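structure.pdb, holding PDB, N, CA and C atoms:
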ATOM      1  N   MET I 225      14.159 -26.793  17.088  1.00  0.00           N
ATOM      2  CA  MET I 225      12.747 -27.029  16.956  1.00  0.00           C
ATOM      3  C   MET I 225      12.523 -27.957  15.755  1.00  0.00           C
ATOM      4  N   ILE I 226      11.711 -28.963  15.934  1.00  0.00           N
ATOM      5  CA  ILE I 226      11.373 -29.882  14.855  1.00  0.00           C
ATOM      6  C   ILE I 226      10.041 -29.431  14.264  1.00  0.00           C
ATOM      7  N   PHE I 227      10.051 -29.154  12.971  1.00  0.00           N
ATOM      8  CA  PHE I 227       8.858 -28.665  12.294  1.00  0.00           C
ATOM      9  C   PHE I 227       8.046 -29.821  11.742  1.00  0.00           C
ATOM     10  N   ASP I 228       6.734 -29.629  11.703  1.00  0.00           N
ATOM     11  CA  ASP I 228       5.817 -30.583  11.122  1.00  0.00           C
ATOM     12  C   ASP I 228       6.032 -30.629   9.605  1.00  0.00           C
ATOM     13  N   PRO I 229       6.256 -31.807   9.016  1.00  0.00           N
ATOM     14  CA  PRO I 229       6.534 -31.897   7.579  1.00  0.00           C
ATOM     15  C   PRO I 229       5.416 -31.319   6.703  1.00  0.00           C
ATOM     16  N   GLN I 230       4.175 -31.477   7.115  1.00  0.00           N
ATOM     17  CA  GLN I 230       3.059 -30.941   6.334  1.00  0.00           C
ATOM     18  C   GLN I 230       3.084 -29.413   6.332  1.00  0.00           C
ATOM     19  N   THR I 231       3.376 -28.816   7.480  1.00  0.00           N
ATOM     20  CA  THR I 231       3.449 -27.359   7.573  1.00  0.00           C
ATOM     21  C   THR I 231       4.585 -26.827   6.709  1.00  0.00           C
ATOM     22  N   VAL I 232       5.726 -27.505   6.736  1.00  0.00           N
ATOM     23  CA  VAL I 232       6.863 -27.096   5.911  1.00  0.00           C
ATOM     24  C   VAL I 232       6.504 -27.203   4.431  1.00  0.00           C
ATOM     25  N   ALA I 233       5.821 -28.264   4.039  1.00  0.00           N
ATOM     26  CA  ALA I 233       5.425 -28.434   2.633  1.00  0.00           C
ATOM     27  C   ALA I 233       4.457 -27.328   2.210  1.00  0.00           C
ATOM     28  N   GLN I 234       3.515 -26.972   3.081  1.00  0.00           N
ATOM     29  CA  GLN I 234       2.563 -25.906   2.763  1.00  0.00           C
ATOM     30  C   GLN I 234       3.272 -24.557   2.642  1.00  0.00           C
ATOM     31  N   ALA I 235       4.195 -24.293   3.539  1.00  0.00           N
ATOM     32  CA  ALA I 235       4.935 -23.026   3.495  1.00  0.00           C
ATOM     33  C   ALA I 235       5.819 -22.961   2.255  1.00  0.00           C
ATOM     34  N   THR I 236       6.439 -24.074   1.910  1.00  0.00           N
ATOM     35  CA  THR I 236       7.281 -24.108   0.717  1.00  0.00           C
ATOM     36  C   THR I 236       6.450 -23.870  -0.540  1.00  0.00           C
ATOM     37  N   ALA I 237       5.271 -24.466  -0.609  1.00  0.00           N
ATOM     38  CA  ALA I 237       4.380 -24.241  -1.752  1.00  0.00           C
ATOM     39  C   ALA I 237       3.954 -22.773  -1.815  1.00  0.00           C
ATOM     40  N   PHE I 238       3.728 -22.156  -0.658  1.00  0.00           N
ATOM     41  CA  PHE I 238       3.362 -20.740  -0.588  1.00  0.00           C
ATOM     42  C   PHE I 238       4.486 -19.864  -1.141  1.00  0.00           C
ATOM     43  N   VAL I 239       5.710 -20.130  -0.698  1.00  0.00           N
ATOM     44  CA  VAL I 239       6.872 -19.360  -1.157  1.00  0.00           C
ATOM     45  C   VAL I 239       7.084 -19.562  -2.657  1.00  0.00           C
ATOM     46  N   ASN I 240       6.970 -20.788  -3.133  1.00  0.00           N
ATOM     47  CA  ASN I 240       7.156 -21.062  -4.559  1.00  0.00           C
ATOM     48  C   ASN I 240       6.120 -20.321  -5.400  1.00  0.00           C
ATOM     49  N   ALA I 241       4.881 -20.257  -4.928  1.00  0.00           N
ATOM     50  CA  ALA I 241       3.834 -19.527  -5.649  1.00  0.00           C
ATOM     51  C   ALA I 241       4.154 -18.038  -5.686  1.00  0.00           C
ATOM     52  N   LEU I 242       4.608 -17.490  -4.555  1.00  0.00           N
ATOM     53  CA  LEU I 242       4.975 -16.068  -4.521  1.00  0.00           C
ATOM     54  C   LEU I 242       6.096 -15.771  -5.507  1.00  0.00           C
ATOM     55  N   ARG I 243       7.106 -16.613  -5.491  1.00  0.00           N
ATOM     56  CA  ARG I 243       8.257 -16.405  -6.377  1.00  0.00           C
ATOM     57  C   ARG I 243       7.880 -16.530  -7.854  1.00  0.00           C
ATOM     58  N   ALA I 244       6.894 -17.376  -8.151  1.00  0.00           N
ATOM     59  CA  ALA I 244       6.468 -17.589  -9.534  1.00  0.00           C
ATOM     60  C   ALA I 244       5.435 -16.554  -9.984  1.00  0.00           C
ATOM     61  N   GLY I 245       5.022 -15.690  -9.063  1.00  0.00           N
ATOM     62  CA  GLY I 245       4.025 -14.678  -9.401  1.00  0.00           C
ATOM     63  C   GLY I 245       2.620 -15.238  -9.522  1.00  0.00           C
ATOM     64  N   LYS I 246       2.393 -16.386  -8.923  1.00  0.00           N
ATOM     65  CA  LYS I 246       1.082 -17.033  -8.957  1.00  0.00           C
ATOM     66  C   LYS I 246       0.333 -16.724  -7.663  1.00  0.00           C
ATOM     67  N   PRO I 247      -0.987 -16.933  -7.654  1.00  0.00           N
ATOM     68  CA  PRO I 247      -1.736 -16.740  -6.415  1.00  0.00           C
ATOM     69  C   PRO I 247      -1.202 -17.663  -5.319  1.00  0.00           C
ATOM     70  N   ALA I 248      -0.984 -17.111  -4.156  1.00  0.00           N
ATOM     71  CA  ALA I 248      -0.475 -17.882  -3.027  1.00  0.00           C
ATOM     72  C   ALA I 248      -1.601 -18.083  -2.020  1.00  0.00           C
ATOM     73  N   HIS I 249      -1.708 -19.288  -1.519  1.00  0.00           N
ATOM     74  CA  HIS I 249      -2.782 -19.651  -0.604  1.00  0.00           C
ATOM     75  C   HIS I 249      -2.190 -20.053   0.742  1.00  0.00           C
ATOM     76  N   ILE I 250      -2.706 -19.464   1.804  1.00  0.00           N
ATOM     77  CA  ILE I 250      -2.316 -19.880   3.152  1.00  0.00           C
ATOM     78  C   ILE I 250      -3.405 -20.816   3.649  1.00  0.00           C
ATOM     79  N   PRO I 251      -3.070 -22.080   3.839  1.00  0.00           N
ATOM     80  CA  PRO I 251      -4.090 -23.042   4.258  1.00  0.00           C
ATOM     81  C   PRO I 251      -4.512 -22.831   5.708  1.00  0.00           C
ATOM     82  N   ALA I 252      -5.709 -23.302   6.012  1.00  0.00           N
ATOM     83  CA  ALA I 252      -6.157 -23.290   7.409  1.00  0.00           C
ATOM     84  C   ALA I 252      -5.241 -24.218   8.198  1.00  0.00           C
ATOM     85  N   MET I 253      -4.859 -23.771   9.381  1.00  0.00           N
ATOM     86  CA  MET I 253      -3.975 -24.580  10.214  1.00  0.00           C
ATOM     87  C   MET I 253      -4.196 -24.220  11.677  1.00  0.00           C
ATOM     88  N   PRO I 254      -3.844 -25.117  12.576  1.00  0.00           N
ATOM     89  CA  PRO I 254      -3.934 -24.783  13.996  1.00  0.00           C
ATOM     90  C   PRO I 254      -2.998 -23.616  14.325  1.00  0.00           C
ATOM     91  N   PHE I 255      -3.420 -22.790  15.259  1.00  0.00           N
ATOM     92  CA  PHE I 255      -2.639 -21.616  15.628  1.00  0.00           C
ATOM     93  C   PHE I 255      -1.221 -21.979  16.041  1.00  0.00           C
ATOM     94  N   GLU I 256      -1.032 -23.100  16.689  1.00  0.00           N
ATOM     95  CA  GLU I 256       0.310 -23.471  17.154  1.00  0.00           C
ATOM     96  C   GLU I 256       1.259 -23.792  16.004  1.00  0.00           C
ATOM     97  N   ARG I 257       0.768 -23.970  14.793  1.00  0.00           N
ATOM     98  CA  ARG I 257       1.608 -24.218  13.618  1.00  0.00           C
ATOM     99  C   ARG I 257       2.000 -22.928  12.897  1.00  0.00           C
ATOM    100  N   TRP I 258       1.384 -21.810  13.278  1.00  0.00           N
ATOM    101  CA  TRP I 258       1.614 -20.548  12.564  1.00  0.00           C
ATOM    102  C   TRP I 258       3.082 -20.126  12.603  1.00  0.00           C
ATOM    103  N   GLN I 259       3.752 -20.227  13.751  1.00  0.00           N
ATOM    104  CA  GLN I 259       5.150 -19.832  13.845  1.00  0.00           C
ATOM    105  C   GLN I 259       6.025 -20.688  12.931  1.00  0.00           C
ATOM    106  N   GLU I 260       5.752 -21.983  12.875  1.00  0.00           N
ATOM    107  CA  GLU I 260       6.502 -22.858  11.969  1.00  0.00           C
ATOM    108  C   GLU I 260       6.301 -22.421  10.522  1.00  0.00           C
ATOM    109  N   PHE I 261       5.048 -22.142  10.162  1.00  0.00           N
ATOM    110  CA  PHE I 261       4.723 -21.735   8.796  1.00  0.00           C
ATOM    111  C   PHE I 261       5.470 -20.457   8.437  1.00  0.00           C
ATOM    112  N   MET I 262       5.369 -19.431   9.261  1.00  0.00           N
ATOM    113  CA  MET I 262       5.986 -18.142   8.953  1.00  0.00           C
ATOM    114  C   MET I 262       7.508 -18.209   8.997  1.00  0.00           C
ATOM    115  N   THR I 263       8.076 -18.999   9.899  1.00  0.00           N
ATOM    116  CA  THR I 263       9.528 -19.159   9.939  1.00  0.00           C
ATOM    117  C   THR I 263      10.020 -19.791   8.644  1.00  0.00           C
ATOM    118  N   THR I 264       9.289 -20.785   8.148  1.00  0.00           N
ATOM    119  CA  THR I 264       9.665 -21.425   6.886  1.00  0.00           C
ATOM    120  C   THR I 264       9.500 -20.461   5.722  1.00  0.00           C
ATOM    121  N   VAL I 265       8.433 -19.650   5.733  1.00  0.00           N
ATOM    122  CA  VAL I 265       8.222 -18.661   4.669  1.00  0.00           C
ATOM    123  C   VAL I 265       9.351 -17.638   4.677  1.00  0.00           C
ATOM    124  N   TYR I 266       9.667 -17.095   5.846  1.00  0.00           N
ATOM    125  CA  TYR I 266      10.758 -16.110   5.934  1.00  0.00           C
ATOM    126  C   TYR I 266      12.071 -16.717   5.440  1.00  0.00           C
ATOM    127  N   SER I 267      12.330 -17.944   5.826  1.00  0.00           N
ATOM    128  CA  SER I 267      13.551 -18.618   5.392  1.00  0.00           C
ATOM    129  C   SER I 267      13.561 -18.792   3.874  1.00  0.00           C
ATOM    130  N   GLY I 268      12.429 -19.174   3.319  1.00  0.00           N
ATOM    131  CA  GLY I 268      12.335 -19.366   1.880  1.00  0.00           C
ATOM    132  C   GLY I 268      12.471 -18.080   1.094  1.00  0.00           C
ATOM    133  N   LEU I 269      12.095 -16.963   1.720  1.00  0.00           N
ATOM    134  CA  LEU I 269      12.213 -15.666   1.065  1.00  0.00           C
ATOM    135  C   LEU I 269      13.565 -15.013   1.325  1.00  0.00           C
ATOM    136  N   GLY I 270      14.410 -15.691   2.107  1.00  0.00           N
ATOM    137  CA  GLY I 270      15.733 -15.152   2.398  1.00  0.00           C
ATOM    138  C   GLY I 270      15.725 -14.095   3.483  1.00  0.00           C
ATOM    139  N   ALA I 271      14.687 -14.083   4.298  1.00  0.00           N
ATOM    140  CA  ALA I 271      14.581 -13.112   5.387  1.00  0.00           C
ATOM    141  C   ALA I 271      14.759 -13.842   6.712  1.00  0.00           C
ATOM    142  N   SER I 272      15.042 -13.098   7.739  1.00  0.00           N
ATOM    143  CA  SER I 272      15.163 -13.662   9.073  1.00  0.00           C
ATOM    144  C   SER I 272      13.855 -13.444   9.819  1.00  0.00           C
ATOM    145  N   ALA I 273      13.330 -14.499  10.415  1.00  0.00           N
ATOM    146  CA  ALA I 273      12.088 -14.383  11.168  1.00  0.00           C
ATOM    147  C   ALA I 273      12.292 -13.590  12.454  1.00  0.00           C
ATOM    148  N   ASP I 274      13.535 -13.481  12.918  1.00  0.00           N
ATOM    149  CA  ASP I 274      13.814 -12.797  14.171  1.00  0.00           C
ATOM    150  C   ASP I 274      14.178 -11.331  13.994  1.00  0.00           C
ATOM    151  N   ALA I 275      14.482 -10.929  12.784  1.00  0.00           N
ATOM    152  CA  ALA I 275      14.934  -9.556  12.560  1.00  0.00           C
ATOM    153  C   ALA I 275      13.891  -8.780  11.764  1.00  0.00           C
ATOM    154  N   ASP I 276      13.639  -7.578  12.188  1.00  0.00           N
ATOM    155  CA  ASP I 276      12.748  -6.705  11.428  1.00  0.00           C
ATOM    156  C   ASP I 276      13.619  -5.914  10.469  1.00  0.00           C
ATOM    157  N   ASN I 277      13.923  -6.540   9.331  1.00  0.00           N
ATOM    158  CA  ASN I 277      14.825  -5.900   8.383  1.00  0.00           C
ATOM    159  C   ASN I 277      14.073  -5.269   7.221  1.00  0.00           C
ATOM    160  N   GLY I 278      12.757  -5.090   7.389  1.00  0.00           N
ATOM    161  CA  GLY I 278      11.978  -4.437   6.361  1.00  0.00           C
ATOM    162  C   GLY I 278      11.508  -5.361   5.261  1.00  0.00           C
ATOM    163  N   SER I 279      11.902  -6.640   5.282  1.00  0.00           N
ATOM    164  CA  SER I 279      11.433  -7.550   4.251  1.00  0.00           C
ATOM    165  C   SER I 279      10.017  -7.989   4.598  1.00  0.00           C
ATOM    166  N   SER I 280       9.223  -8.156   3.582  1.00  0.00           N
ATOM    167  CA  SER I 280       7.831  -8.484   3.791  1.00  0.00           C
ATOM    168  C   SER I 280       7.312  -9.291   2.621  1.00  0.00           C
ATOM    169  N   VAL I 281       6.295 -10.097   2.862  1.00  0.00           N
ATOM    170  CA  VAL I 281       5.639 -10.817   1.772  1.00  0.00           C
ATOM    171  C   VAL I 281       4.626  -9.930   1.058  1.00  0.00           C
ATOM    172  N   TYR I 282       4.304  -8.770   1.617  1.00  0.00           N
ATOM    173  CA  TYR I 282       3.264  -7.926   1.035  1.00  0.00           C
ATOM    174  C   TYR I 282       3.572  -7.455  -0.383  1.00  0.00           C
ATOM    175  N   PRO I 283       4.794  -7.075  -0.729  1.00  0.00           N
ATOM    176  CA  PRO I 283       5.044  -6.688  -2.124  1.00  0.00           C
ATOM    177  C   PRO I 283       4.752  -7.829  -3.095  1.00  0.00           C
ATOM    178  N   ALA I 284       5.110  -9.037  -2.730  1.00  0.00           N
ATOM    179  CA  ALA I 284       4.865 -10.178  -3.605  1.00  0.00           C
ATOM    180  C   ALA I 284       3.374 -10.462  -3.747  1.00  0.00           C
ATOM    181  N   LEU I 285       2.605 -10.072  -2.746  1.00  0.00           N
ATOM    182  CA  LEU I 285       1.154 -10.256  -2.798  1.00  0.00           C
ATOM    183  C   LEU I 285       0.463  -9.085  -3.486  1.00  0.00           C
ATOM    184  N   GLY I 286       1.234  -8.075  -3.874  1.00  0.00           N
ATOM    185  CA  GLY I 286       0.651  -6.901  -4.518  1.00  0.00           C
ATOM    186  C   GLY I 286      -0.001  -5.946  -3.538  1.00  0.00           C
ATOM    187  N   LEU I 287       0.417  -6.016  -2.275  1.00  0.00           N
ATOM    188  CA  LEU I 287      -0.204  -5.202  -1.238  1.00  0.00           C
ATOM    189  C   LEU I 287       0.711  -4.095  -0.731  1.00  0.00           C
ATOM    190  N   ALA I 288       1.852  -3.925  -1.333  1.00  0.00           N
ATOM    191  CA  ALA I 288       2.794  -2.901  -0.849  1.00  0.00           C
ATOM    192  C   ALA I 288       2.490  -1.557  -1.480  1.00  0.00           C
TER     193      ALA I 288
END

How does the structure come out when it is put into structure tokens?
Amino acid sequence: MIFDPQTVAQATAFVNALRAGKPAHIPAMPFERWQEFMTTVYSGLGASADADNGSSVYPALGLA
């Protein structure tokens, strides 16, 4: 699958903000880009988008 460069850049910025403990923003995007965004986020967090291994972005967001 070829990902949209803008979506990858937005997801990377989201992951970097989470890792730095800064507020993370999910930009508005077309629904068809959501899978690309989340796959890139999971990859950036070291998780697999296909496996439910208990990893989540919620702890980093303070929601766990």

Looking at all atoms listed in the file, which of I:His249, I:Trp258, I:Ala244, I:Thr264 is the one that sits closest to Val232 in chain I? I:Thr264

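Considering only C-alpha atoms, the residue among I:Ala235, I:Ile250, I:Leu242, I:Ile226 positioned nearest to Thr263 in chain I is I:Ala235.
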
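Nearest to Gln234 in chain I of all the residues I:Glu256, I:Phe261, I:Gly268, I:Pro247 is I:Phe261, based on only C-alpha atoms.
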
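Among the candidate residues I:Thr236, I:Gly270, I:Ala241, I:Gln230, the one lying nearest to Arg257 in chain I is I:Gln230, with distances computed using only C-alpha atoms.
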
Nearest candidate to Pro229 in chain I (options I:Met253, I:Arg243, I:Tyr266, I:Glu260; using only C-alpha atoms): I:Glu260

Coordinates-based distance that separates atom N of Ser267 in chain I from CA of Phe238 in chain I (Å, one decimal): 11.4 Å

Tell me, in Å to one decimal, how far atom N of Leu269 in chain I is from atom N of Asn240 in chain I. 8.0 Å

Within range 243-275 of chain I, find each residue whose DSSP state, derived from the backbone, is alpha helix (DSSP H), and express the selection as a ChimeraX atom specification. /I:243-244,258-268

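Taking atom N of Gln259 in chain I and atom C of Thr231 in chain I as the two end points, the separation is 9.7 Å.
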